[in-house]
Amino acid sequence: MITVSRAKSPAARAAYDIRHGRLERSLSLLTAAGSAITAAEIYLEHDRAGFGNRVMWWPVLLGPVGVAAGLAGFSSERAAHTALPLASAAIVANGLQGTYLHIRGIGQKPGGWRLARYNIELGPPLFAPLLMSMVGGMGLLASALRRER
């Protein structure tokens, strides 16, 4: 069995950290990257919809907050236990709110839920806000795990 001090390759170090639940820094960095990518995609989709509702700006504005908190959690253990869970909880809550709004938006399309297949395909994307919640969930998980050595 390879111990931490004898693990010479990055792959062996990563395997050790995963086995021992030490993923705080890695998941913090993935949260930052996921927040940036998700915010850019949300901006493009909401811009296509003309930002018809002011609430459409919230996930776009939470993107940089997630990036900053993820990077801070990567570099500082203290930030990983304070700023990262706060930002991540806000991202999860906003994703759940977006899911509700997208479900409501599909219902408001002509034909509503009676034409579910058509309106789901051409209306607001039903599962997109849940992907944002997953990014926030990664940040919450990162703040609960142990830090890599």
# chains A, B, ... in the order shown; residues from 1 in each chain; ligands from 1

$ residues_around --residues "stretch 22-31 of chain A" --least-positions-apart "3" --cutoff "7 Å" --atoms "only C-alpha atoms" --output "list in words"
Asp17, Ile18, Gly34, Ser35, Gly66, Gly70, Leu71, Gly73, Phe74, Val135, Met138, Gly139, Ala142, Ser143, Leu145, Arg146, Arg147 and Glu148 of chain A

$ write_last_selection --atoms "C-alpha atoms" --output "mmCIF file, in the first residue's frame"
data_model
loop_
_atom_site.group_PDB
_atom_site.id
_atom_site.type_symbol
_atom_site.label_atom_id
_atom_site.label_comp_id
_atom_site.auth_asym_id
_atom_site.auth_seq_id
_atom_site.Cartn_x
_atom_site.Cartn_y
_atom_site.Cartn_z
ATOM 1 C CA ASP A 17 -6.772 11.970 -1.441
ATOM 2 C CA ILE A 18 -9.913 10.502 -3.028
ATOM 3 C CA GLY A 34 -18.555 25.428 -13.244
ATOM 4 C CA SER A 35 -19.844 28.797 -12.060
ATOM 5 C CA GLY A 66 -19.370 31.439 -7.344
ATOM 6 C CA GLY A 70 -14.496 28.791 -5.453
ATOM 7 C CA LEU A 71 -11.097 30.379 -6.015
ATOM 8 C CA GLY A 73 -11.933 28.131 -1.201
ATOM 9 C CA PHE A 74 -9.116 26.698 -3.303
ATOM 10 C CA VAL A 135 -22.644 23.539 -9.370
ATOM 11 C CA MET A 138 -20.406 20.855 -5.596
ATOM 12 C CA GLY A 139 -19.415 23.918 -3.576
ATOM 13 C CA ALA A 142 -16.355 20.897 -1.120
ATOM 14 C CA SER A 143 -16.904 22.838 2.092
ATOM 15 C CA LEU A 145 -14.870 17.539 2.812
ATOM 16 C CA ARG A 146 -11.342 17.514 4.173
ATOM 17 C CA ARG A 147 -8.560 19.506 2.541
ATOM 18 C CA GLU A 148 -5.908 17.826 0.404
#

$ residues_around --residues "A:Arg117" --least-positions-apart "5" --cutoff "12 Å" --atoms "only C-alpha atoms" --output "JSON, numbers by chain"
{"A": [106, 107, 109, 111, 112, 122, 123, 125, 126]}

$ atom_distance --atom1 "atom CA of A:Ala33" --atom2 "atom CA of A:Pro59"
14.8 Å

$ atom_distance --atom1 "atom CA of A:Ile120" --atom2 "atom CA of A:Ala93"
22.3 Å

$ closest_residue --among "A:Leu131, A:Trp113, A:Gly105, A:Ala12" --to "A:Gly52" --atoms "only C-alpha atoms"
A:Gly105

$ select_by_dssp --residues "chain A" --states "helix (DSSP H, G or I)" --output "number ranges by chain"
A: 10-19, 24-48, 54-75, 77-81, 83-108, 112-122, 128-144
